[in-house]
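**Q** Sharing a structure below in C-alpha cells format, with a few things to ask.
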Amino acid sequence: MSRESLPQGVVLVHGLWGVPEDWTWVRRELERRRPDVQVEVPDLPSHRLPDAGLLADAVEVREAIVAIPAPTVVVGWSYGTDVVGLAAHGMPNVARLVYVSSPPIKAQPDERDASYVDTMEHMLRDEHGRFALDGDWWLNEDDAGRRLADEVRASLKEHPRRYATKKTRTDPVPAEAWREIPTTVLLGARDNLTGADQRAWAREAVADVRDIDTDHFALFNLPELVAEVILEPLLGPAR
C-alpha cells in the first residue's frame, strides 16, 4: 500500500443518546499510536436540535469528513453506523468504514416506521417528543451483563445520555456507502442487542465481519482493539 493511500484522518460518530466524549478511550489510543493522524468527533445535531434527524446527522458528518486530511477512515458506533452509511456515500476521500456494534442497514427510500420506540422499556420522553434510554440503565451492571470500568462509569455520570429526535428512526435511508467502500463490521459476541437475524444479514452484506469478545459497548470495553482495527492500514491486522 502506497503512502498516499494510508489514512490521514479518522472521523468517529457517536451512538444514539450519546455524546462525543464516548469516544474518549478509542481516541486516546488512536492519538497514542499515530499522533500524525487527525481525529474528529462530530456532535450529532439530532441530539442538539428539535427537528434534526438521520439526514441532518449525515450532513454534519460529511462536513467533518471534508474538513480533515484524506484518505479518511469513518467509524460509527451503534446508531452512528446508520449515519456513516449515508455520510460517506459518494465521497472519494473516504478509504474505509468501520462499523462498531451494529450491522449496516438497507436503503429505504420512504419514511420508516418507528412506532416500536413507544413500546421500548426504560425509555424516557421529553416535552418535544424526543426520547432517551434511561441513564440508570446504562449504569446497571446486572442488565445486559455490562461491566464498565470505573473511569467509563464516571464519564457516563459526567456526560448523561441525551434525548434524540424520533427522526433518527423515521428519516429515510437513501444510500448504502458500505456497498461502495471497504467496510469492517465488529460485533460483540455477547451483544444481546444484536440478534441472530442481524448477524446473518451482516455476513451476507459485508465480507469483513468480525466477532469480538465483548457486549454492545465495545468502544468502552475494548478501545485498544477498536483503535487497532481503525488503523490497520498503518499497523497491520489486529490480533
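Following the order of the C-alpha cells, chains are lettered A, B, ..., residues in each are numbered from 1, and ligands are numbered from 1.
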Give me, as JSON, numbers by chain, all polymer residues having an atom no more than 9 Å from Glu180 in chain A, counting only C-alpha atoms and skipping those fewer than 3 positions away in the same chain.
**A** {"A": [89, 90, 176, 177, 183]}
**Q** Name the residues in contact with Leu86 in chain A at a cut-off of 8 Å, using only C-alpha atoms, excluding same-chain residues fewer than 2 positions from it; report them as an MDAnalysis selection string.
**A** chainID A and resid 55 58 82:84 88:89 173:177
**Q** Got time to write the residues from that selection, all heavy atoms, as a PDB file, in the first residue's frame?
**A**
ATOM      1  N   LEU A  55     -30.874  12.350   8.510  1.00  0.00           N
ATOM      2  CA  LEU A  55     -30.354  13.055   7.342  1.00  0.00           C
ATOM      3  C   LEU A  55     -29.491  14.246   7.746  1.00  0.00           C
ATOM      4  O   LEU A  55     -28.429  14.488   7.161  1.00  0.00           O
ATOM      5  CB  LEU A  55     -31.509  13.495   6.437  1.00  0.00           C
ATOM      6  CG  LEU A  55     -32.351  12.356   5.852  1.00  0.00           C
ATOM      7  CD1 LEU A  55     -33.497  12.918   5.018  1.00  0.00           C
ATOM      8  CD2 LEU A  55     -31.495  11.407   5.026  1.00  0.00           C
ATOM      9  N   ALA A  58     -26.152  13.024   8.973  1.00  0.00           N
ATOM     10  CA  ALA A  58     -25.257  12.656   7.877  1.00  0.00           C
ATOM     11  C   ALA A  58     -24.583  13.883   7.279  1.00  0.00           C
ATOM     12  O   ALA A  58     -23.394  13.842   6.932  1.00  0.00           O
ATOM     13  CB  ALA A  58     -26.030  11.883   6.817  1.00  0.00           C
ATOM     14  N   ASP A  82     -25.475   3.942  11.230  1.00  0.00           N
ATOM     15  CA  ASP A  82     -26.510   4.375  10.290  1.00  0.00           C
ATOM     16  C   ASP A  82     -26.103   5.693   9.636  1.00  0.00           C
ATOM     17  O   ASP A  82     -26.261   5.881   8.423  1.00  0.00           O
ATOM     18  CB  ASP A  82     -27.848   4.571  11.005  1.00  0.00           C
ATOM     19  CG  ASP A  82     -28.411   3.290  11.604  1.00  0.00           C
ATOM     20  OD1 ASP A  82     -27.815   2.217  11.392  1.00  0.00           O
ATOM     21  OD2 ASP A  82     -29.451   3.376  12.288  1.00  0.00           O
ATOM     22  N   VAL A  83     -25.566   6.591  10.450  1.00  0.00           N
ATOM     23  CA  VAL A  83     -25.144   7.902   9.956  1.00  0.00           C
ATOM     24  C   VAL A  83     -23.980   7.752   8.972  1.00  0.00           C
ATOM     25  O   VAL A  83     -23.966   8.366   7.896  1.00  0.00           O
ATOM     26  CB  VAL A  83     -24.746   8.810  11.133  1.00  0.00           C
ATOM     27  CG1 VAL A  83     -24.337  10.193  10.620  1.00  0.00           C
ATOM     28  CG2 VAL A  83     -25.883   8.932  12.147  1.00  0.00           C
ATOM     29  N   VAL A  84     -23.027   6.924   9.334  1.00  0.00           N
ATOM     30  CA  VAL A  84     -21.855   6.695   8.484  1.00  0.00           C
ATOM     31  C   VAL A  84     -22.276   6.171   7.112  1.00  0.00           C
ATOM     32  O   VAL A  84     -21.728   6.573   6.076  1.00  0.00           O
ATOM     33  CB  VAL A  84     -20.898   5.706   9.181  1.00  0.00           C
ATOM     34  CG1 VAL A  84     -19.866   5.151   8.210  1.00  0.00           C
ATOM     35  CG2 VAL A  84     -20.218   6.383  10.366  1.00  0.00           C
ATOM     36  N   ALA A  88     -20.885   8.885   4.137  1.00  0.00           N
ATOM     37  CA  ALA A  88     -19.717   8.565   3.313  1.00  0.00           C
ATOM     38  C   ALA A  88     -20.074   8.277   1.858  1.00  0.00           C
ATOM     39  O   ALA A  88     -19.178   8.097   1.027  1.00  0.00           O
ATOM     40  CB  ALA A  88     -18.981   7.367   3.907  1.00  0.00           C
ATOM     41  N   HIS A  89     -21.350   8.249   1.553  1.00  0.00           N
ATOM     42  CA  HIS A  89     -21.769   7.908   0.190  1.00  0.00           C
ATOM     43  C   HIS A  89     -21.217   8.900  -0.823  1.00  0.00           C
ATOM     44  O   HIS A  89     -21.355  10.115  -0.679  1.00  0.00           O
ATOM     45  CB  HIS A  89     -23.293   7.904   0.112  1.00  0.00           C
ATOM     46  CG  HIS A  89     -23.831   7.745  -1.275  1.00  0.00           C
ATOM     47  ND1 HIS A  89     -23.594   6.633  -2.050  1.00  0.00           N
ATOM     48  CD2 HIS A  89     -24.607   8.579  -2.028  1.00  0.00           C
ATOM     49  CE1 HIS A  89     -24.195   6.771  -3.215  1.00  0.00           C
ATOM     50  NE2 HIS A  89     -24.807   7.942  -3.223  1.00  0.00           N
ATOM     51  N   VAL A 173     -33.587   6.230   4.381  1.00  0.00           N
ATOM     52  CA  VAL A 173     -32.183   5.842   4.238  1.00  0.00           C
ATOM     53  C   VAL A 173     -31.883   5.799   2.739  1.00  0.00           C
ATOM     54  O   VAL A 173     -32.112   4.787   2.077  1.00  0.00           O
ATOM     55  CB  VAL A 173     -31.918   4.469   4.888  1.00  0.00           C
ATOM     56  CG1 VAL A 173     -30.448   4.097   4.783  1.00  0.00           C
ATOM     57  CG2 VAL A 173     -32.372   4.466   6.349  1.00  0.00           C
ATOM     58  N   PRO A 174     -31.385   6.895   2.171  1.00  0.00           N
ATOM     59  CA  PRO A 174     -31.272   6.963   0.712  1.00  0.00           C
ATOM     60  C   PRO A 174     -29.983   6.397   0.122  1.00  0.00           C
ATOM     61  O   PRO A 174     -29.839   6.381  -1.104  1.00  0.00           O
ATOM     62  CB  PRO A 174     -31.353   8.473   0.448  1.00  0.00           C
ATOM     63  CG  PRO A 174     -30.783   9.093   1.671  1.00  0.00           C
ATOM     64  CD  PRO A 174     -31.167   8.198   2.813  1.00  0.00           C
ATOM     65  N   ALA A 175     -29.036   5.947   0.942  1.00  0.00           N
ATOM     66  CA  ALA A 175     -27.752   5.499   0.396  1.00  0.00           C
ATOM     67  C   ALA A 175     -27.182   4.356   1.219  1.00  0.00           C
ATOM     68  O   ALA A 175     -27.569   4.140   2.382  1.00  0.00           O
ATOM     69  CB  ALA A 175     -26.764   6.665   0.351  1.00  0.00           C
ATOM     70  N   GLU A 176     -26.258   3.632   0.612  1.00  0.00           N
ATOM     71  CA  GLU A 176     -25.595   2.488   1.256  1.00  0.00           C
ATOM     72  C   GLU A 176     -24.090   2.583   0.979  1.00  0.00           C
ATOM     73  O   GLU A 176     -23.546   1.876   0.132  1.00  0.00           O
ATOM     74  CB  GLU A 176     -26.148   1.174   0.714  1.00  0.00           C
ATOM     75  CG  GLU A 176     -27.634   0.975   0.953  1.00  0.00           C
ATOM     76  CD  GLU A 176     -28.183  -0.250   0.251  1.00  0.00           C
ATOM     77  OE1 GLU A 176     -27.659  -0.602  -0.844  1.00  0.00           O
ATOM     78  OE2 GLU A 176     -29.126  -0.881   0.781  1.00  0.00           O
ATOM     79  N   ALA A 177     -23.419   3.468   1.706  1.00  0.00           N
ATOM     80  CA  ALA A 177     -21.985   3.676   1.456  1.00  0.00           C
ATOM     81  C   ALA A 177     -21.180   2.407   1.653  1.00  0.00           C
ATOM     82  O   ALA A 177     -20.134   2.223   1.023  1.00  0.00           O
ATOM     83  CB  ALA A 177     -21.469   4.784   2.368  1.00  0.00           C
TER      84      ALA A 177
END
**Q** Using only C-alpha atoms, can you tell me which of A:Gln198, A:Met91, A:Gly85, A:Pro50 comes closest to Glu63 in chain A?
**A**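 Answer, going by the shortest atom-to-atom distance: A:Met91.
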**Q** Write out as a PyMOL selection string the set of residues from range 15-227 of chain A that DSSP, computed on the backbone, places in strand (DSSP E or B).
**A** chain A and resi 38-40+72-77+94-100+108+123-125+131-133+164+173+183-188+208-212
**Q** Among range 86-136 of chain A, which ones does DSSP assign to alpha helix (DSSP H) (computed from the backbone)? Answer as an mmCIF file with all heavy atoms, in the first residue's frame.
**A**
data_model
loop_
_atom_site.group_PDB
_atom_site.id
_atom_site.type_symbol
_atom_site.label_atom_id
_atom_site.label_comp_id
_atom_site.auth_asym_id
_atom_site.auth_seq_id
_atom_site.Cartn_x
_atom_site.Cartn_y
_atom_site.Cartn_z
ATOM 1 N N LEU A 86 -24.748 6.805 5.351
ATOM 2 C CA LEU A 86 -25.216 7.884 4.487
ATOM 3 C C LEU A 86 -24.113 8.900 4.222
ATOM 4 O O LEU A 86 -23.896 9.318 3.082
ATOM 5 C CB LEU A 86 -26.406 8.610 5.132
ATOM 6 C CG LEU A 86 -27.671 7.815 5.401
ATOM 7 C CD1 LEU A 86 -28.777 8.758 5.871
ATOM 8 C CD2 LEU A 86 -28.118 7.055 4.183
ATOM 9 N N ALA A 87 -23.424 9.301 5.274
ATOM 10 C CA ALA A 87 -22.475 10.407 5.173
ATOM 11 C C ALA A 87 -21.344 10.128 4.190
ATOM 12 O O ALA A 87 -20.882 11.026 3.489
ATOM 13 C CB ALA A 87 -21.906 10.726 6.553
ATOM 14 N N GLY A 135 -30.810 6.849 31.778
ATOM 15 C CA GLY A 135 -29.386 6.833 32.099
ATOM 16 C C GLY A 135 -29.015 5.786 33.131
ATOM 17 O O GLY A 135 -27.895 5.260 33.109
ATOM 18 N N ASP A 136 -29.934 5.467 34.039
ATOM 19 C CA ASP A 136 -29.635 4.444 35.044
ATOM 20 C C ASP A 136 -29.449 3.072 34.399
ATOM 21 O O ASP A 136 -28.704 2.228 34.911
ATOM 22 C CB ASP A 136 -30.759 4.372 36.085
ATOM 23 C CG ASP A 136 -30.799 5.607 36.971
ATOM 24 O OD1 ASP A 136 -29.771 6.310 37.046
ATOM 25 O OD2 ASP A 136 -31.851 5.871 37.574
#
**Q** Using only C-alpha atoms, pick whichever of A:Ala56, A:Val10, A:Val152, A:Leu219 has the shortest atom-to-atom distance to Ala70 in chain A.
**A**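 Among A:Ala56, A:Val10, A:Val152, A:Leu219, it is A:Val10 that comes nearest to Ala70 in chain A.
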**Q** Any idea what's packed within 12 Å of range 21-33 of chain A, counting only C-alpha atoms, ignoring anything in its chain fewer than 4 positions away? Could you give it as a PyMOL selection string?
**A** chain A and resi 7-17+37-43+73+75-78+80+100+149+151-161+217-232+234-235
**Q** Report, in Å with one decimal, the straight-line distance from CA of Ile105 in chain A to CA of Asp211 in chain A.
**A**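 CA of Asp211 in chain A lies 18.2 Å from CA of Ile105 in chain A.
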**Q** Can you pull out the residues contacting range 119-134 of chain A? Cut-off 10 Å, using only C-alpha atoms, and skip same-chain residues under 5 positions away; I want them as a PyMOL selection string.
**A** chain A and resi 16-18+46-47+50-51+139+160-168
**Q** Go ahead and save the residues from that selection, with N, CA, C and O atoms, as a CSV table (one decimal), in the first residue's frame.
**A**
chain,number,residue,atom,x,y,z
A,16,LEU,N,-26.7,6.6,19.5
A,16,LEU,CA,-27.9,7.2,19.9
A,16,LEU,C,-27.9,7.5,21.4
A,16,LEU,O,-27.5,6.6,22.2
A,17,TRP,N,-28.3,8.7,21.7
A,17,TRP,CA,-28.4,9.2,23.1
A,17,TRP,C,-27.0,9.5,23.6
A,17,TRP,O,-26.8,9.9,24.8
A,18,GLY,N,-26.0,9.4,22.8
A,18,GLY,CA,-24.6,9.5,23.2
A,18,GLY,C,-24.0,10.9,23.1
A,18,GLY,O,-24.7,11.9,22.8
A,46,SER,N,-29.1,15.8,15.8
A,46,SER,CA,-30.3,15.1,16.3
A,46,SER,C,-30.3,15.1,17.8
A,46,SER,O,-31.4,14.9,18.4
A,47,HIS,N,-29.2,15.3,18.4
A,47,HIS,CA,-29.1,15.3,19.9
A,47,HIS,C,-29.0,16.7,20.5
A,47,HIS,O,-28.9,16.9,21.7
A,50,PRO,N,-34.2,20.3,17.9
A,50,PRO,CA,-35.5,19.6,18.0
A,50,PRO,C,-36.0,19.0,16.7
A,50,PRO,O,-36.9,18.1,16.8
A,51,ASP,N,-35.5,19.4,15.5
A,51,ASP,CA,-36.1,18.9,14.3
A,51,ASP,C,-35.1,18.2,13.4
A,51,ASP,O,-35.4,17.7,12.3
A,139,LEU,N,-25.9,2.3,33.6
A,139,LEU,CA,-25.0,2.0,34.7
A,139,LEU,C,-25.4,0.8,35.5
A,139,LEU,O,-24.7,0.4,36.4
A,160,PRO,N,-24.3,12.8,30.9
A,160,PRO,CA,-25.6,11.9,30.9
A,160,PRO,C,-26.0,11.7,29.4
A,160,PRO,O,-25.7,12.5,28.5
A,161,ARG,N,-26.8,10.6,29.3
A,161,ARG,CA,-27.4,10.3,28.0
A,161,ARG,C,-28.3,11.4,27.6
A,161,ARG,O,-29.0,12.0,28.4
A,162,ARG,N,-28.4,11.7,26.3
A,162,ARG,CA,-29.2,12.8,25.8
A,162,ARG,C,-30.4,12.4,25.0
A,162,ARG,O,-30.4,11.3,24.4
A,163,TYR,N,-31.4,13.2,25.0
A,163,TYR,CA,-32.6,12.9,24.2
A,163,TYR,C,-32.2,13.1,22.7
A,163,TYR,O,-31.4,13.9,22.3
A,164,ALA,N,-32.8,12.2,21.9
A,164,ALA,CA,-32.7,12.3,20.5
A,164,ALA,C,-34.0,12.4,19.8
A,164,ALA,O,-35.1,11.9,20.4
A,165,THR,N,-34.1,13.0,18.6
A,165,THR,CA,-35.4,13.1,17.9
A,165,THR,C,-35.8,11.8,17.4
A,165,THR,O,-35.0,10.9,17.0
A,166,LYS,N,-37.1,11.6,17.2
A,166,LYS,CA,-37.6,10.4,16.6
A,166,LYS,C,-37.2,10.3,15.1
A,166,LYS,O,-37.2,9.2,14.5
A,167,LYS,N,-36.8,11.4,14.5
A,167,LYS,CA,-36.4,11.4,13.1
A,167,LYS,C,-35.1,10.6,12.9
A,167,LYS,O,-34.8,10.2,11.8
A,168,THR,N,-34.4,10.3,14.0
A,168,THR,CA,-33.2,9.4,13.9
A,168,THR,C,-33.7,8.0,13.4
A,168,THR,O,-32.9,7.3,12.8
**Q** Suppose you want the space between CA of Ala107 in chain A and CA of His216 in chain A; what is it in Å?
**A** 23.4 Å
**Q** To one decimal place, how far is CA of Val61 in chain A from CA of Trp201 in chain A in Å?
**A**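 We find that CA of Val61 in chain A and CA of Trp201 in chain A lie 25.2 Å from each other.
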**Q** Calculated over only C-alpha atoms, which of the candidates A:Pro109, A:Pro103, A:Pro92, A:Pro233 has the smallest distance to Val185 in chain A?
**A**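 Closest candidate: A:Pro103.
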**Q** Name the closest residue to Leu97 in chain A among the candidates A:Ala196, A:Leu186, A:Ile68, A:Val59; distances are taken between atoms, counting only C-alpha atoms.
**A**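 Ranked by minimum distance to Leu97 in chain A, first place goes to A:Leu186.
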**Q** For Val98 in chain A, which residue among A:Val74, A:Ala52, A:Leu187, A:Leu193 is the nearest when counting only C-alpha atoms?
**A**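 So, comparing all the options, the nearest one is A:Val74.
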